[in-house]
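**Student:** Below is a structure I'd like to ask you about.
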Amino acid sequence: MSVSRLCWQCECISTGGTQQTRTNTVQARSSKLDRKTNDGLVADGTTPAEKMMWMRILEEGVFRFDASEGARKESHPSLSFFNPTIRETCLDDGSSLQKEPFYVPSCRCEREQQTITIEFPLGTSFYGTGEVSGPLERTGKRIFCWNTDAWGYGPSTTSLYQSHPWVLAVLPDGHAFGTLADTSQRCEVDLRREAVLKFVAPAFYPVITFGPYLSVDLLLVALGHAVGTISMPPKWSLGYHQCRWSYEPASRVLEVARIFREKSLPCDVMWMDIDYMDGFRCFTFHPEKFQDPQNLARDLHDQGFKAVWMLDPGIKLDVGYSVYDSGCSQDVWILKPNGKPYVGEVWPGSSVFPDYTSAKIRRWWAELVCEFTSNGVDGIWNDMNEPTVFETVSKTIPDTTIHKGDPEIGGCQSHAHYHNVYGMLMARSTYEGMLLADSQKRPFVLTRAGYIGSHRYAATWTGDNLSTWNHLHMSIPISLNLGLSGQAFSGPDIGGFAGAATPKLFARWMGICTLFPFARGHSEKGTIDHEPWEFGSECEDVCRLAINRRYRFLPHLYTLFYKSHMTGVPVMSPLFFADSKDPRLRNVEDSFLLGPLLVSASTSARQGSDSKETAFPQGIWQRFNFDDDHPELPLLYLRAGSIIPTGAVVQHTGEINLSDAITLIVALDENGKAEGLLYEDEGDGFGYQQGEFLLTTYKAQVENRIVTIKIGHSEGHLERPRRMLNVILLVGEAAKLETTGIEGEGVTLELPSESEIDKLIIESQQRLQYRMKHMAAINHDMENLHALKDMGAHKTLIELIGGDWHLKVVPQIGGRITSMVHSPTGIEWLWSRLDMSGYEEYSGVEYRSPGCVEEYNVLKEENIQTEGEKMLLMEGDISGGLSLQRQISVINNMPNVLQIKSQIIAKSVGAGGGGFSRMVCLRVHPTFQLRHPMETTVRFISVDGTMQEVNTDTRELYLQGDARPNGEWALVDKCANVALINRFNLEEVAQCLVCWGPGTCNLELWSEERPVSRGTPITICHKYETVTFQES
């Protein structure tokens, strides 16, 4: 019986500060996972689903649920709450209006797993779950909270770099309800059934519910009271950042910085990736490339740049390296079960890993950070801290390794317990180290891995994305859901980390994402340079407009960050924040709010902002601009009744002074009123905590056609300077009236007649049309054309879309299939770089023998219709008179089947060989990406009739003779309950190979090895099908 269908009725009563749970059907059972059926367990060793016991905690509307009193006592301390004791303290002050929880979860225990289910009314929409790919609204999705290095992730990837076991539900009436599974262990968040939420994680853990609240922002304020809010960032961190893996040597860093200034492209921060180190040893500098980091920092500071440097957790195992020697002497490393330090391969080679679960070890790391910052380090970037380990299928430290763990966070536990919080604890240690170095500066830390609550210590970015339009589109919902999960300071790698952006894609990405909370351009080695000027003058001009916009909005953004720091509401929020009752807004992914500012973006290559339709929340939204409209830039709208502060364009935040003029953009409501906030402080330090700030409420009101703009209220002890106040009053269709005065003295503006306003609006519309026409969109350089440096001519990527399948193929590089997506499930079974992995074929038994990189010619047009068949036929010369030919097809009457037929053909074999070629073997080599490596197996029945299951413990397995699969085998993902079946003709396949790699699996088919002639080609025809898998 489905767990979610078991719904017991219950009554919760409170007695003397403790809670008891009664049900109409069953009594609450023991917290132990007892397997004996006479103790009330069903025969299969599971407990029936029961309603959970509860108690009020924290504040009005917040409840803690446990499976039983025993389960409550056995649960581990909270690592998400900023004050863990709050979760343990029953709130029973008698003042609550909400005496009982509105929704009571049901709980079931099975095989030491605890499953929690909550059923909501139909029409409920789900959000949150932190850093997740795919759509904004999460109904129909399932993710697994398990921090994973997910290079090139796709829309269906179920585990990214961070874990947030938190679901935000918007109910049909617009009320908001939040649920937190407060466990640091691997947690499944299952939202596949409409209006049903399910958590599955190792027993025992509590569930915390919040609400319902009247609005989403009230819910997030309550969440902030529990897990904390973002730290107030230094103002410079809100500027634009420029990064690459890697700018080297130091002179290249300064060259890029100089060009930004020469081209008047505002920028605040230059980043140093891992190559600044000496042999990837953390806390060191390369003796030649970065021999004088202090001088580099001084040169950057002189030009108005800050410097951020990377630190990874992997410490090189190298006797004589001071950090390693110090760590050994203080016993700081994660241990194997035998008590010896765990050693894993990462960038430095063999490495050991600090155990941040111990306060003593965090202090050790903090002291290293403190000393490191003396080199002119302004901020620190924690990467690879999932933690990532090379050359392992799981891509991380084994679950069985040991963390010492202080008692207050859970004590000595295996890595399975602390894996998801490792990155957060590293970021905390780094944050504390920067405070130790200078208690008068706000630390800036960026972390890749995180857990709900890590926002207290660090900003984040959305990991190793790709230079594609799809990843540009996903940037918006990923950052929105992070904001809905407490992490307000986030953004993507602008332009895409992996791959080559095109001018149009890069310009569009810059236009949209420079308005995100965190704005940084970043790209990996082997790609074309991704600075704005590298894409031509048109793109550079758009990038300048985009970055200028960000700097104009800095006063508004800084105010939003202060509000987020104080309350927990996100800086960037989805449109339904403006009206959660409106179902039209719940799935909008191409627009977002920055307070009352609506940003309407186009993420389509074929549509600019000049032709897109914008969904608006209820009310009046006034369009405006800075005379910078462009088809590649988003449209800007201000909600009627709002005022937002803006400033002048500067080249870096160091040029901003408190005495600078403020420009207010005003949109009056139907009553002729408007209001807005401006927060100001010194831009760094902690004086604001003692009142050294200005929080100004501006008000505007019309009376007798005179608009008066004045200070309505002011807070803070910072002395207000005498400064100019510019006012831009929006009157419709980007038409505006402007005036100037002195702040504090009241600024007035006389409204012209209605006919004059109509004339202004018409003139504004004409200017907009003229500008959009003459600022033409950058030519659509198709996404599939990549000018790759050092790779010769353009590489054409062909998309084959047919039936249930969507493939991307690069004929010019070995006919490589770089992406294979099963559309109904959204699973991307394989994806790759252009030059490696993906689906390859070889002409010999040797790895990467001829066939995998040669240029293939397309013999038939892509997506040609042949009797209902979607088909692509290619052929590549593999020398010696031989060709490798491949036909990929989907037949309409079998839309679920993808067929690949490959042949090695003799074209012009010389007479000297008797008409026969050299010895060849057709080797099919697909590299499948594993979404859940440790829960994936290969299953088949061998020729001899034996059922076989091959897991990741078997790194490599050759199957020959009767050990071969009997015509089919399956890659089974037990977490997702799906399998990829690969069927083949046994007579064509001499042997099979299973090979597990870091997060990958090769299922290879090998023909016999023999010569070929014109009449005796080698052929392998095989098929793929995605099916539902159920454990028998």
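A note on labels: chains of the structure tokens are A, B, ... as shown, every chain counts residues from 1, and ligands are counted from 1 in their shown order.
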Applying 6 Å and only C-alpha atoms, which residues near A:Leu160 remain after dropping the ones on its own chain fewer than 2 positions away? List them as a list in words.
**Tutor:**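 Using only C-alpha atoms, the neighbours found are Asn147, Thr148, Ala150 and Gln162 of chain A.
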**Student:** Could you dump the residues just selected with N, CA, C and O atoms as a PDB file, in the first residue's frame?
**Tutor:**
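See out.pdb below for the written result:
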ATOM      1  N   ASN A 147      25.133  16.536  -1.263  1.00  0.00           N
ATOM      2  CA  ASN A 147      26.001  17.477  -1.959  1.00  0.00           C
ATOM      3  C   ASN A 147      26.920  16.756  -2.937  1.00  0.00           C
ATOM      4  O   ASN A 147      27.664  15.859  -2.545  1.00  0.00           O
ATOM      5  N   THR A 148      26.866  17.180  -4.209  1.00  0.00           N
ATOM      6  CA  THR A 148      27.529  16.448  -5.283  1.00  0.00           C
ATOM      7  C   THR A 148      28.179  17.409  -6.263  1.00  0.00           C
ATOM      8  O   THR A 148      27.566  18.406  -6.664  1.00  0.00           O
ATOM      9  N   ALA A 150      28.589  18.469  -9.572  1.00  0.00           N
ATOM     10  CA  ALA A 150      27.651  18.183 -10.676  1.00  0.00           C
ATOM     11  C   ALA A 150      28.006  19.003 -11.906  1.00  0.00           C
ATOM     12  O   ALA A 150      27.147  19.694 -12.469  1.00  0.00           O
ATOM     13  N   GLN A 162      24.463  21.667  -3.116  1.00  0.00           N
ATOM     14  CA  GLN A 162      23.967  22.054  -1.806  1.00  0.00           C
ATOM     15  C   GLN A 162      22.719  21.255  -1.461  1.00  0.00           C
ATOM     16  O   GLN A 162      22.045  20.712  -2.342  1.00  0.00           O
TER      17      GLN A 162
END
**Student:** Write out as a list in words the residues lying within 10 Å of A:Gly881, counting only C-alpha atoms and excluding same-chain residues fewer than 6 positions away.
**Tutor:**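 Returned residues: Ile905, Ala906, Lys907, Ser908, Val909, Gly910, Phe916, Ser917, Arg918 and Ser1013 of chain A.
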**Student:** Once you have the residues from the selection above, write them out as a PDB file, in the first residue's frame, restricted to N, CA and C atoms.
**Tutor:**
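After the write, again-v6.pdb holds the following:
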ATOM      1  N   ILE A 905      33.277  -0.077 -42.431  1.00  0.00           N
ATOM      2  CA  ILE A 905      33.097  -0.440 -43.839  1.00  0.00           C
ATOM      3  C   ILE A 905      34.418  -0.287 -44.578  1.00  0.00           C
ATOM      4  N   ALA A 906      34.700  -1.243 -45.442  1.00  0.00           N
ATOM      5  CA  ALA A 906      35.877  -1.140 -46.311  1.00  0.00           C
ATOM      6  C   ALA A 906      35.502  -0.337 -47.541  1.00  0.00           C
ATOM      7  N   LYS A 907      36.194   0.789 -47.743  1.00  0.00           N
ATOM      8  CA  LYS A 907      35.908   1.664 -48.879  1.00  0.00           C
ATOM      9  C   LYS A 907      36.884   1.413 -50.026  1.00  0.00           C
ATOM     10  N   SER A 908      38.167   1.373 -49.714  1.00  0.00           N
ATOM     11  CA  SER A 908      39.192   1.208 -50.773  1.00  0.00           C
ATOM     12  C   SER A 908      40.381   0.442 -50.220  1.00  0.00           C
ATOM     13  N   VAL A 909      40.121  -0.787 -49.812  1.00  0.00           N
ATOM     14  CA  VAL A 909      41.186  -1.624 -49.264  1.00  0.00           C
ATOM     15  C   VAL A 909      42.075  -2.113 -50.397  1.00  0.00           C
ATOM     16  N   GLY A 910      43.388  -1.973 -50.243  1.00  0.00           N
ATOM     17  CA  GLY A 910      44.326  -2.317 -51.307  1.00  0.00           C
ATOM     18  C   GLY A 910      44.401  -3.809 -51.574  1.00  0.00           C
ATOM     19  N   PHE A 916      41.324  -7.360 -47.904  1.00  0.00           N
ATOM     20  CA  PHE A 916      40.942  -7.247 -46.496  1.00  0.00           C
ATOM     21  C   PHE A 916      41.764  -6.158 -45.795  1.00  0.00           C
ATOM     22  N   SER A 917      41.161  -5.578 -44.812  1.00  0.00           N
ATOM     23  CA  SER A 917      41.786  -4.468 -44.087  1.00  0.00           C
ATOM     24  C   SER A 917      42.689  -4.980 -42.975  1.00  0.00           C
ATOM     25  N   ARG A 918      43.223  -4.027 -42.204  1.00  0.00           N
ATOM     26  CA  ARG A 918      43.913  -4.359 -40.963  1.00  0.00           C
ATOM     27  C   ARG A 918      42.919  -4.952 -39.970  1.00  0.00           C
ATOM     28  N   SER A1013      36.260  -6.526 -45.341  1.00  0.00           N
ATOM     29  CA  SER A1013      36.351  -6.323 -46.785  1.00  0.00           C
ATOM     30  C   SER A1013      35.079  -5.605 -47.224  1.00  0.00           C
TER      31      SER A1013
END
**Student:** Excluding A:Pro313 and its own-chain neighbours fewer than 3 positions away, which residues fall within 8 Å of it when counting only C-alpha atoms? Please give them as an mmCIF file with all heavy atoms, in the first residue's frame.
**Tutor:**
data_model
loop_
_atom_site.group_PDB
_atom_site.id
_atom_site.type_symbol
_atom_site.label_atom_id
_atom_site.label_comp_id
_atom_site.auth_asym_id
_atom_site.auth_seq_id
_atom_site.Cartn_x
_atom_site.Cartn_y
_atom_site.Cartn_z
ATOM 1 N N PHE A 353 41.944 15.651 4.480
ATOM 2 C CA PHE A 353 40.839 16.598 4.572
ATOM 3 C C PHE A 353 40.588 16.990 6.030
ATOM 4 O O PHE A 353 40.390 16.114 6.878
ATOM 5 C CB PHE A 353 39.572 15.977 3.976
ATOM 6 C CG PHE A 353 39.709 15.655 2.512
ATOM 7 C CD1 PHE A 353 40.323 14.478 2.097
ATOM 8 C CD2 PHE A 353 39.238 16.534 1.553
ATOM 9 C CE1 PHE A 353 40.467 14.182 0.748
ATOM 10 C CE2 PHE A 353 39.375 16.240 0.199
ATOM 11 C CZ PHE A 353 40.003 15.068 -0.203
ATOM 12 N N PRO A 354 40.561 18.290 6.315
ATOM 13 C CA PRO A 354 40.270 18.734 7.687
ATOM 14 C C PRO A 354 38.865 18.313 8.120
ATOM 15 O O PRO A 354 37.922 18.320 7.330
ATOM 16 C CB PRO A 354 40.378 20.265 7.604
ATOM 17 C CG PRO A 354 41.193 20.532 6.381
ATOM 18 C CD PRO A 354 40.868 19.423 5.425
ATOM 19 N N ASN A 382 35.613 29.231 -1.239
ATOM 20 C CA ASN A 382 35.716 27.820 -0.888
ATOM 21 C C ASN A 382 35.093 26.975 -1.988
ATOM 22 O O ASN A 382 33.876 27.025 -2.209
ATOM 23 C CB ASN A 382 35.002 27.542 0.436
ATOM 24 C CG ASN A 382 35.720 28.117 1.647
ATOM 25 O OD1 ASN A 382 35.122 28.354 2.676
ATOM 26 N ND2 ASN A 382 37.007 28.363 1.528
ATOM 27 N N ASP A 383 35.916 26.207 -2.665
ATOM 28 C CA ASP A 383 35.475 25.354 -3.774
ATOM 29 C C ASP A 383 35.714 23.897 -3.405
ATOM 30 O O ASP A 383 36.392 23.588 -2.410
ATOM 31 C CB ASP A 383 36.262 25.738 -5.031
ATOM 32 C CG ASP A 383 35.635 25.187 -6.307
ATOM 33 O OD1 ASP A 383 34.463 24.788 -6.272
ATOM 34 O OD2 ASP A 383 36.330 25.168 -7.338
ATOM 35 N N MET A 384 35.146 22.991 -4.174
ATOM 36 C CA MET A 384 35.407 21.551 -4.044
ATOM 37 C C MET A 384 35.038 21.012 -2.660
ATOM 38 O O MET A 384 35.540 19.980 -2.222
ATOM 39 C CB MET A 384 36.892 21.260 -4.320
ATOM 40 C CG MET A 384 37.411 21.740 -5.652
ATOM 41 S SD MET A 384 36.792 20.741 -7.026
ATOM 42 C CE MET A 384 37.745 19.236 -6.777
ATOM 43 N N ASN A 385 34.153 21.699 -1.953
ATOM 44 C CA ASN A 385 33.917 21.369 -0.545
ATOM 45 C C ASN A 385 32.637 20.582 -0.313
ATOM 46 O O ASN A 385 32.033 20.648 0.743
ATOM 47 C CB ASN A 385 33.942 22.633 0.319
ATOM 48 C CG ASN A 385 32.972 23.707 -0.148
ATOM 49 O OD1 ASN A 385 32.494 23.689 -1.273
ATOM 50 N ND2 ASN A 385 32.691 24.657 0.718
ATOM 51 N N PRO A 387 32.516 17.231 0.139
ATOM 52 C CA PRO A 387 33.774 17.455 -0.567
ATOM 53 C C PRO A 387 33.908 16.537 -1.778
ATOM 54 O O PRO A 387 33.447 15.394 -1.758
ATOM 55 C CB PRO A 387 34.815 17.097 0.490
ATOM 56 C CG PRO A 387 34.145 16.054 1.325
ATOM 57 C CD PRO A 387 32.680 16.386 1.337
ATOM 58 N N MET A 426 33.042 24.280 6.666
ATOM 59 C CA MET A 426 34.252 24.877 6.112
ATOM 60 C C MET A 426 34.064 26.382 5.906
ATOM 61 O O MET A 426 34.943 27.188 6.239
ATOM 62 C CB MET A 426 34.623 24.214 4.786
ATOM 63 C CG MET A 426 35.884 24.778 4.165
ATOM 64 S SD MET A 426 36.204 24.149 2.509
ATOM 65 C CE MET A 426 37.791 24.918 2.164
#
**Student:** Smallest atom-to-atom distance to A:Asp973: which of A:Thr954, A:Ser819, A:Thr1026, A:Asn1002, using only C-alpha atoms?
**Tutor:**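 Closest to A:Asp973, using only C-alpha atoms: A:Thr1026.
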**Student:** Per residue of stretch 428-517 of chain A within 12 Å of stretch 589-613 of chain A, note the shortest atom pair and the distance in Å to one decimal, counting only C-alpha atoms, and order the rows by chain and increasing residue number, as a Markdown table.
**Tutor:**
| residue | atom | partner | partner_atom | distance |
| --- | --- | --- | --- | --- |
| A:Thr468 | CA | A:Ala605 | CA | 9.8 |
| A:Trp469 | CA | A:Thr603 | CA | 6.7 |
| A:Asn470 | CA | A:Thr603 | CA | 8.0 |
| A:His471 | CA | A:Thr603 | CA | 9.3 |
| A:Leu472 | CA | A:Thr603 | CA | 6.5 |
| A:His473 | CA | A:Thr603 | CA | 5.3 |
| A:Met474 | CA | A:Glu589 | CA | 8.4 |
| A:Ser475 | CA | A:Glu589 | CA | 9.5 |
| A:Ile476 | CA | A:Glu589 | CA | 6.5 |
| A:Pro477 | CA | A:Glu589 | CA | 6.1 |
| A:Ile478 | CA | A:Glu589 | CA | 9.8 |
| A:Ser479 | CA | A:Phe592 | CA | 10.3 |
| A:Leu480 | CA | A:Phe592 | CA | 8.1 |
| A:Asn481 | CA | A:Glu589 | CA | 10.9 |
| A:Gly483 | CA | A:Phe592 | CA | 11.6 |
| A:Ala488 | CA | A:Leu594 | CA | 11.5 |
| A:Thr502 | CA | A:Ala605 | CA | 10.6 |
| A:Pro503 | CA | A:Ala605 | CA | 11.2 |
| A:Lys504 | CA | A:Ala605 | CA | 7.7 |
| A:Leu505 | CA | A:Ala605 | CA | 7.3 |
| A:Phe506 | CA | A:Ala605 | CA | 10.9 |
| A:Ala507 | CA | A:Ala605 | CA | 11.0 |
| A:Arg508 | CA | A:Thr603 | CA | 7.5 |
| A:Trp509 | CA | A:Thr603 | CA | 8.3 |
| A:Met510 | CA | A:Ala601 | CA | 11.3 |
| A:Gly511 | CA | A:Ala601 | CA | 8.6 |
| A:Ile512 | CA | A:Ala601 | CA | 6.4 |
| A:Cys513 | CA | A:Ala601 | CA | 9.7 |
| A:Thr514 | CA | A:Val599 | CA | 11.3 |
| A:Leu515 | CA | A:Val599 | CA | 8.3 |
| A:Phe516 | CA | A:Leu594 | CA | 8.8 |
| A:Pro517 | CA | A:Leu594 | CA | 9.2 |
**Student:** Can I get the selection written as a CSV table (one decimal), in the first residue's frame, with N, CA and C atoms?
**Tutor:**
chain,number,residue,atom,x,y,z
A,468,THR,N,25.0,27.6,-22.5
A,468,THR,CA,23.9,27.3,-23.3
A,468,THR,C,22.7,28.1,-22.9
A,469,TRP,N,21.7,28.3,-23.8
A,469,TRP,CA,20.5,29.0,-23.5
A,469,TRP,C,19.7,28.4,-22.5
A,470,ASN,N,19.7,27.0,-22.4
A,470,ASN,CA,19.0,26.3,-21.4
A,470,ASN,C,19.5,26.7,-20.0
A,471,HIS,N,20.9,26.8,-19.9
A,471,HIS,CA,21.4,27.1,-18.6
A,471,HIS,C,21.2,28.6,-18.2
A,472,LEU,N,21.2,29.4,-19.2
A,472,LEU,CA,20.8,30.8,-18.9
A,472,LEU,C,19.4,30.8,-18.3
A,473,HIS,N,18.5,30.1,-19.0
A,473,HIS,CA,17.1,30.1,-18.4
A,473,HIS,C,17.0,29.5,-17.0
A,474,MET,N,17.8,28.4,-16.8
A,474,MET,CA,17.7,27.8,-15.5
A,474,MET,C,18.3,28.7,-14.4
A,475,SER,N,19.2,29.7,-14.8
A,475,SER,CA,19.8,30.6,-13.8
A,475,SER,C,18.7,31.2,-12.9
A,476,ILE,N,17.6,31.6,-13.5
A,476,ILE,CA,16.6,32.4,-12.8
A,476,ILE,C,15.9,31.5,-11.7
A,477,PRO,N,15.3,30.3,-12.1
A,477,PRO,CA,14.6,29.5,-11.1
A,477,PRO,C,15.6,29.0,-10.0
A,478,ILE,N,16.9,28.7,-10.4
A,478,ILE,CA,17.8,28.2,-9.4
A,478,ILE,C,18.0,29.2,-8.3
A,479,SER,N,18.3,30.5,-8.7
A,479,SER,CA,18.6,31.5,-7.7
A,479,SER,C,17.3,31.9,-6.9
A,480,LEU,N,16.1,31.8,-7.6
A,480,LEU,CA,14.9,32.1,-6.9
A,480,LEU,C,14.6,31.1,-5.8
A,481,ASN,N,14.8,29.8,-6.1
A,481,ASN,CA,14.6,28.8,-5.1
A,481,ASN,C,15.6,28.8,-4.0
A,483,GLY,N,16.8,31.6,-2.9
A,483,GLY,CA,16.3,32.7,-2.1
A,483,GLY,C,15.1,32.3,-1.2
A,488,ALA,N,19.9,34.2,0.2
A,488,ALA,CA,19.6,35.3,-0.6
A,488,ALA,C,20.7,35.8,-1.5
A,502,THR,N,28.3,32.5,-27.2
A,502,THR,CA,28.3,33.3,-28.4
A,502,THR,C,28.1,34.7,-28.0
A,503,PRO,N,28.3,35.7,-28.9
A,503,PRO,CA,28.1,37.1,-28.5
A,503,PRO,C,26.7,37.3,-28.0
A,504,LYS,N,25.7,36.8,-28.7
A,504,LYS,CA,24.3,37.0,-28.3
A,504,LYS,C,24.0,36.4,-26.9
A,505,LEU,N,24.4,35.2,-26.7
A,505,LEU,CA,24.2,34.5,-25.4
A,505,LEU,C,24.9,35.2,-24.3
A,506,PHE,N,26.1,35.6,-24.5
A,506,PHE,CA,26.9,36.3,-23.5
A,506,PHE,C,26.2,37.6,-23.1
A,507,ALA,N,25.8,38.4,-24.2
A,507,ALA,CA,25.2,39.7,-23.9
A,507,ALA,C,23.9,39.5,-23.1
A,508,ARG,N,23.1,38.5,-23.5
A,508,ARG,CA,21.8,38.3,-22.9
A,508,ARG,C,22.0,37.9,-21.4
A,509,TRP,N,23.0,37.0,-21.2
A,509,TRP,CA,23.3,36.5,-19.9
A,509,TRP,C,23.8,37.7,-19.0
A,510,MET,N,24.6,38.6,-19.5
A,510,MET,CA,25.1,39.7,-18.8
A,510,MET,C,23.9,40.7,-18.5
A,511,GLY,N,23.0,40.9,-19.5
A,511,GLY,CA,21.9,41.8,-19.3
A,511,GLY,C,21.0,41.3,-18.1
A,512,ILE,N,20.8,40.0,-18.0
A,512,ILE,CA,19.9,39.5,-17.0
A,512,ILE,C,20.6,39.3,-15.7
A,513,CYS,N,21.7,38.7,-15.6
A,513,CYS,CA,22.3,38.3,-14.4
A,513,CYS,C,23.1,39.3,-13.7
A,514,THR,N,23.4,40.4,-14.3
A,514,THR,CA,24.0,41.5,-13.5
A,514,THR,C,23.0,42.1,-12.6
A,515,LEU,N,21.7,41.7,-12.7
A,515,LEU,CA,20.7,42.2,-11.8
A,515,LEU,C,20.4,41.1,-10.7
A,516,PHE,N,21.2,40.1,-10.7
A,516,PHE,CA,21.0,39.0,-9.6
A,516,PHE,C,21.8,39.5,-8.3
A,517,PRO,N,21.5,39.0,-7.2
A,517,PRO,CA,22.2,39.4,-6.0
A,517,PRO,C,23.7,39.3,-6.1
**Student:** Just the residues within 12 Å of A:Gln885, please, counting only C-alpha atoms, with nothing from its chain fewer than 6 positions along; format it as a ChimeraX atom specification.
**Tutor:** /A:811,814-815,841-843,851-852,854-860,872-878,900-907,922,1017-1021
**Student:** Got a sec: who's within 7 Å of A:Val332, counting only C-alpha atoms, leaving out chain neighbours fewer than 4 positions off, as an MDAnalysis selection string?
**Tutor:** chainID A and resid 327:328 354:355 361
**Student:** Output as a PyMOL selection string all residues of stretch 36-261 of chain A that backbone DSSP marks as alpha helix (DSSP H).
**Tutor:** chain A and resi 69-74+85-88+216-227+250-261
**Student:** Do you know which residues are at most 10 Å from A:Glu432 counting only C-alpha atoms, after dropping those on the same chain fewer than 5 positions away, and could you put them as a PyMOL selection string?
**Tutor:** chain A and resi 362-363+365-367+369-370+426-427+437-439+443+457
**Student:** By how many Å are atom CA of A:Glu100 and atom CA of A:Phe81 apart?
**Tutor:**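 Those two atoms sit 22.3 Å apart.
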**Student:** Excluding A:Asp275 and any residue of its chain fewer than 5 positions from it, enumerate the residues within 8 Å of it, using only C-alpha atoms, and give them as a count of residues only.
**Tutor:** 5
**Student:** For each of A:Glu682, A:Asp406, A:Asp669, A:Asp629, take the minimum atom-to-atom distance to A:Gln765, counting only C-alpha atoms, then give the residue where this is smallest.
**Tutor:**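 Using only C-alpha atoms, the shortest distance to A:Gln765 belongs to A:Asp629.
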**Student:** Closest to A:Gly826 among A:Thr158, A:Thr697, A:Thr708, A:Ser537, using only C-alpha atoms?
**Tutor:**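 Among A:Thr158, A:Thr697, A:Thr708, A:Ser537, it is A:Thr158 that comes nearest to A:Gly826.
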